[in-house]
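J.: Below you'll find start_34.txt; it's compact mmCIF, C-alpha atoms and all ligand atoms.
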# COMPACT_ATOMS: atom_id res chain seq x y z
CA MET A 162 33.63 23.80 -36.22
CA PRO A 163 32.67 20.27 -37.28
CA ASP A 164 29.14 19.47 -38.33
CA ARG A 165 28.81 16.78 -35.76
CA MET A 166 30.34 16.49 -32.36
CA PRO A 167 32.09 13.18 -31.80
CA LEU A 168 30.16 10.72 -29.72
CA ILE A 169 31.96 10.20 -26.46
CA VAL A 170 31.53 6.70 -25.14
CA GLY A 171 32.62 6.04 -21.58
CA PRO A 172 33.20 2.76 -19.83
CA PRO A 173 30.12 0.56 -19.54
CA ARG A 174 28.11 1.08 -16.41
CA PRO A 175 27.23 -1.89 -14.21
CA ALA A 176 23.65 -3.12 -14.56
CA ARG A 177 21.35 -1.50 -12.06
CA THR A 178 19.78 -4.14 -9.89
CA THR A 179 17.59 -2.03 -7.65
CA VAL A 180 15.91 1.32 -7.81
CA TYR A 181 16.63 2.99 -4.51
CA THR A 182 14.55 5.99 -3.66
CA ARG A 183 14.78 7.85 -0.41
CA GLY A 184 11.49 8.39 1.36
CA MET A 185 10.88 11.83 -0.05
CA LEU A 186 7.44 11.02 -1.43
CA SER A 187 4.56 12.88 0.07
CA THR A 188 2.34 11.03 2.47
CA PRO A 189 -0.88 11.54 0.43
CA LEU A 190 0.83 10.18 -2.68
CA ARG A 191 1.97 7.03 -0.85
CA PHE A 192 -1.52 6.43 0.53
CA LEU A 193 -3.14 7.15 -2.84
CA ARG A 194 -0.92 4.55 -4.44
CA ALA A 195 -1.73 2.06 -1.66
CA CYS A 196 -5.47 2.64 -2.13
CA ARG A 197 -5.00 1.79 -5.82
CA ARG A 198 -3.25 -1.45 -4.76
CA ARG A 199 0.04 -0.17 -6.16
CA CYS A 200 3.47 0.08 -4.64
CA PRO A 201 3.52 3.04 -2.24
CA ASN A 202 7.17 3.62 -3.08
CA CYS A 203 7.13 3.77 -6.89
CA GLY A 204 3.52 3.35 -8.06
CA ALA A 205 4.06 0.08 -9.95
CA GLY A 206 1.46 -2.58 -9.65
CA PRO A 207 -1.03 -3.96 -8.93
CA MET A 208 0.67 -5.48 -5.93
CA THR A 209 -1.89 -8.22 -5.32
CA VAL A 210 -1.50 -11.73 -6.73
CA ARG A 211 -4.90 -12.69 -5.31
CA TRP A 212 -7.10 -10.82 -2.88
CA PHE A 213 -5.43 -12.34 0.16
CA ARG A 214 -1.92 -12.56 -1.26
CA LEU A 215 0.45 -9.73 -2.04
CA MET A 216 3.46 -10.02 -4.29
CA PRO A 217 6.65 -10.65 -2.32
CA ALA A 218 8.37 -7.63 -3.86
CA CYS A 219 7.44 -4.74 -6.11
CA PRO A 220 8.09 -5.49 -9.79
CA GLY A 221 8.97 -1.85 -10.38
CA CYS A 222 11.41 -0.90 -7.65
CA GLY A 223 12.07 -4.24 -5.98
CA LEU A 224 10.89 -3.11 -2.54
CA ARG A 225 10.13 -6.18 -0.44
CA LEU A 226 6.64 -5.63 0.87
CA ASP A 227 7.39 -7.22 4.24
CA ARG A 228 10.69 -5.31 4.41
CA GLY A 229 12.40 -8.52 5.43
CA GLU A 230 10.51 -8.86 8.72
CA SER A 231 8.38 -11.94 9.41
CA ASP A 232 5.95 -10.02 11.65
CA TYR A 233 5.87 -6.88 9.55
CA PHE A 234 2.14 -6.88 8.86
CA LEU A 235 1.03 -6.84 12.50
CA GLY A 236 0.46 -3.12 12.03
CA ALA A 237 -1.72 -3.92 9.02
CA ILE A 238 -4.07 -5.84 11.33
CA VAL A 239 -4.48 -2.72 13.41
CA PHE A 240 -5.09 -0.68 10.27
CA ASN A 241 -7.63 -3.24 9.03
CA MET A 242 -9.64 -3.14 12.26
CA ALA A 243 -9.39 0.65 12.50
CA PHE A 244 -10.63 1.10 8.93
CA ALA A 245 -13.48 -1.41 9.42
CA GLU A 246 -14.56 0.13 12.72
CA GLY A 247 -14.27 3.62 11.26
CA LEU A 248 -16.56 2.65 8.39
CA PHE A 249 -18.96 1.07 10.89
CA ALA A 250 -19.02 4.21 13.03
CA LEU A 251 -19.57 6.45 10.00
CA GLY A 252 -22.33 4.17 8.74
CA VAL A 253 -24.14 4.06 12.08
CA PHE A 254 -23.80 7.80 12.58
CA GLY A 255 -24.98 8.55 9.04
CA LEU A 256 -27.96 6.20 9.32
CA LEU A 257 -28.93 7.65 12.70
CA LEU A 258 -28.85 11.17 11.29
CA TRP A 259 -30.74 10.12 8.18
CA THR A 260 -33.54 8.27 9.98
CA TYR A 261 -33.82 10.40 13.13
CA PRO A 262 -36.06 10.30 15.23
CA SER A 263 -36.99 6.66 14.57
CA PRO A 264 -33.85 4.75 13.52
CA PRO A 265 -34.27 1.15 12.31
CA TRP A 266 -32.58 -0.60 15.22
CA ASP A 267 -32.92 -4.09 13.76
CA ALA A 268 -31.33 -3.02 10.46
CA LEU A 269 -28.52 -1.34 12.39
CA TYR A 270 -27.97 -4.47 14.46
CA TYR A 271 -27.91 -7.01 11.64
CA GLY A 272 -26.32 -4.66 9.12
CA GLY A 273 -23.60 -3.85 11.63
CA ILE A 274 -22.83 -7.53 12.16
CA ALA A 275 -22.70 -8.18 8.42
CA GLY A 276 -20.61 -5.09 7.84
CA MET A 277 -18.09 -6.03 10.50
CA ILE A 278 -17.65 -9.42 8.85
CA VAL A 279 -17.38 -8.14 5.28
CA ALA A 280 -15.37 -4.94 5.81
CA PRO A 281 -12.12 -6.54 7.06
CA ILE A 282 -12.19 -8.94 4.10
CA VAL A 283 -12.75 -6.16 1.59
CA LEU A 284 -10.13 -3.95 3.22
CA TYR A 285 -7.48 -6.66 3.57
CA PRO A 286 -5.04 -5.75 0.75
CA TYR A 287 -5.61 -2.03 1.25
CA SER A 288 -4.77 -2.21 4.93
CA LYS A 289 -1.49 -4.01 4.19
CA LEU A 290 -0.43 -1.52 1.53
CA CYS A 291 -1.58 1.43 3.66
CA TRP A 292 0.50 0.06 6.51
CA LEU A 293 3.49 -0.07 4.17
CA ALA A 294 2.78 3.50 3.03
CA PHE A 295 2.53 4.60 6.66
CA ASP A 296 5.73 2.81 7.61
CA LEU A 297 7.67 4.25 4.66
CA GLY A 298 6.89 7.70 6.05
CA PHE A 299 8.62 6.88 9.32
CA ARG A 300 11.28 4.50 8.04
CA PRO A 301 12.35 5.47 4.52
CA PRO A 302 13.42 2.56 2.32
CA ARG A 303 16.90 1.26 3.00
CA PRO A 304 19.05 -0.58 0.46
CA GLU A 305 18.43 -3.88 2.29
CA ASP A 306 14.65 -3.45 1.81
CA PHE A 307 15.01 -4.07 -1.89
CA ALA A 308 15.05 -7.58 -3.26
CA ALA A 309 17.81 -8.39 -5.69
CA ARG A 310 16.38 -8.71 -9.16
CA PRO A 311 17.76 -11.21 -11.61
CA THR A 312 20.17 -9.68 -14.06
CA GLY A 313 19.79 -10.62 -17.62
ZN ZN A 401 7.77 -0.19 -6.13
For the file at hand, write its structure as structure tokens.
T.:
Amino acid sequence: MPDRMPLIVGPPRPARTTVYTRGMLSTPLRFLRACRRRCPNCGAGPMTVRWFRLMPACPGCGLRLDRGESDYFLGAIVFNMAFAEGLFALGVFGLLLWTYPSPPWDALYYGGIAGMIVAPIVLYPYSKLCWLAFDLGFRPPRPEDFAARPTG
């Protein structure tokens, strides 16, 4: 028996241009990645260029964040409002419980207005990435969802 086995070299493989993963990730993992402003599909990131601007495609897996649809983030608007209103409801309920029986109505009124202005701004990138995480659960990534990466 020889000391070393001969190295078997096969034909060169074509360069891989996209990482295609079927939507087998768990829902909590996708949402956790979205809440960290990372790609819900592969975890690469951060996916924000600026606070109000996402990258067009994931640098890790190449998933196009709008999945090739011009109106893709309409669902993110719903998520944004639902998250903001949910925070508002939790805040009001918590403050009412904390200060019962004499809640500070003026603070609730003005704080609620300020909160409903600030919360959608703060939640903007998270709502978009959470929408993507939500959508990937129902529509797993297809090959056409991945942007072609330059080959070098
Ligand atoms: Zn990715």
J.: If you measure from atom CA of Leu284 of chain A to atom CA of Pro189 of chain A, what distance in Å do you get, rounded to one decimal?
T.: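 One can read the atom CA of Leu284 of chain A to atom CA of Pro189 of chain A distance as 18.3 Å.
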J.: Enter the distance from atom CA of Tyr270 of chain A to atom CA of Phe249 of chain A, in Å, rounded to one decimal.
T.: 11.2 Å
J.: Which residues of segment 181-262 of chain A come within 7 Å of segment 274-282 of chain A, and for each one, what is the closest pair of atoms and their distance in Å to one decimal, counting only C-alpha atoms, sorted by chain and residue number, as CSV?
T.:
residue,atom,partner,partner_atom,distance
A:Asn241,CA,A:Pro281,CA,5.9
A:Met242,CA,A:Pro281,CA,6.7
A:Ala245,CA,A:Ala280,CA,5.4
J.: Taking all atoms listed in the file into account, produce a table as CSV in which each residue of chain A with an atom at most 8 Å from an atom of ligand ZN 401 (chain A) appears once, together with its shortest atom pair and the distance in Å to one decimal, ordered by chain and rising number.
T.:
residue,atom,partner,partner_atom,distance
A:Arg199,CA,A:ZN401,ZN,7.7
A:Cys200,CA,A:ZN401,ZN,4.6
A:Pro201,CA,A:ZN401,ZN,6.6
A:Asn202,CA,A:ZN401,ZN,4.9
A:Cys203,CA,A:ZN401,ZN,4.1
A:Gly204,CA,A:ZN401,ZN,5.9
A:Ala205,CA,A:ZN401,ZN,5.3
A:Gly206,CA,A:ZN401,ZN,7.6
A:Ala218,CA,A:ZN401,ZN,7.8
A:Cys219,CA,A:ZN401,ZN,4.6
A:Pro220,CA,A:ZN401,ZN,6.4
A:Gly221,CA,A:ZN401,ZN,4.7
A:Cys222,CA,A:ZN401,ZN,4.0
A:Gly223,CA,A:ZN401,ZN,5.9
A:Leu224,CA,A:ZN401,ZN,5.6
J.: What is the atom CA of Leu293 of chain A-atom CA of Trp212 of chain A distance in Å, reported with one decimal?
T.: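 Spanning atom CA of Leu293 of chain A to atom CA of Trp212 of chain A is a straight-line distance of 16.7 Å.
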J.: Dig up all the protein and nucleic acid residues within 10 Å of (1.9, -1.3, 5.2) in the file frame, using all atoms listed in the file, and format them as a ChimeraX atom specification.
T.: /A:192,195,201,226-228,233-238,240,286-297
J.: Would you mind exporting the chosen residues as a PDB file, in the coordinates of the input, restricted to C-alpha atoms?
T.:
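Writing the result to again-v7.pdb gives the following:
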ATOM      1  CA  PHE A 192      -1.520   6.430   0.530  1.00  0.00           C
ATOM      2  CA  ALA A 195      -1.730   2.060  -1.660  1.00  0.00           C
ATOM      3  CA  PRO A 201       3.520   3.040  -2.240  1.00  0.00           C
ATOM      4  CA  LEU A 226       6.640  -5.630   0.870  1.00  0.00           C
ATOM      5  CA  ASP A 227       7.390  -7.220   4.240  1.00  0.00           C
ATOM      6  CA  ARG A 228      10.690  -5.310   4.410  1.00  0.00           C
ATOM      7  CA  TYR A 233       5.870  -6.880   9.550  1.00  0.00           C
ATOM      8  CA  PHE A 234       2.140  -6.880   8.860  1.00  0.00           C
ATOM      9  CA  LEU A 235       1.030  -6.840  12.500  1.00  0.00           C
ATOM     10  CA  GLY A 236       0.460  -3.120  12.030  1.00  0.00           C
ATOM     11  CA  ALA A 237      -1.720  -3.920   9.020  1.00  0.00           C
ATOM     12  CA  ILE A 238      -4.070  -5.840  11.330  1.00  0.00           C
ATOM     13  CA  PHE A 240      -5.090  -0.680  10.270  1.00  0.00           C
ATOM     14  CA  PRO A 286      -5.040  -5.750   0.750  1.00  0.00           C
ATOM     15  CA  TYR A 287      -5.610  -2.030   1.250  1.00  0.00           C
ATOM     16  CA  SER A 288      -4.770  -2.210   4.930  1.00  0.00           C
ATOM     17  CA  LYS A 289      -1.490  -4.010   4.190  1.00  0.00           C
ATOM     18  CA  LEU A 290      -0.430  -1.520   1.530  1.00  0.00           C
ATOM     19  CA  CYS A 291      -1.580   1.430   3.660  1.00  0.00           C
ATOM     20  CA  TRP A 292       0.500   0.060   6.510  1.00  0.00           C
ATOM     21  CA  LEU A 293       3.490  -0.070   4.170  1.00  0.00           C
ATOM     22  CA  ALA A 294       2.780   3.500   3.030  1.00  0.00           C
ATOM     23  CA  PHE A 295       2.530   4.600   6.660  1.00  0.00           C
ATOM     24  CA  ASP A 296       5.730   2.810   7.610  1.00  0.00           C
ATOM     25  CA  LEU A 297       7.670   4.250   4.660  1.00  0.00           C
TER      26      LEU A 297
END
J.: Counting only C-alpha atoms, figure out which residue out of A:Tyr285, A:Arg194, A:Ala308, A:Gly255 gets nearest to Arg214 of chain A.
T.: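 Ranked by minimum distance to Arg214 of chain A, first place goes to A:Tyr285.
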J.: Could you list, as a list of chain:residue names, every residue within 9 Å of Gly229 of chain A, counting all atoms listed in the file and ignoring same-chain residues fewer than 4 positions away?
T.: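 Close residues of Gly229 of chain A: A:Arg225, A:Tyr233, A:Glu305, A:Asp306, A:Phe307.
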J.: Using only the atoms of segment 279-289 of chain A listed in the file, plus 6 Å on each side, state the axis-aligned box centre and edge lengths in Å rounded to one decimal, as lines of an AutoDock Vina configuration file.
T.:
center_x = -9.4
center_y = -5.5
center_z = 3.9
size_x = 27.9
size_y = 18.9
size_z = 18.3
J.: Can you work out which one of A:Leu193, A:Pro301, A:Ser231, A:Gly273 has the shortest atom-to-atom distance to Ala250 of chain A, counting only C-alpha atoms?
T.: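 Ranked by minimum distance to Ala250 of chain A, first place goes to A:Gly273.
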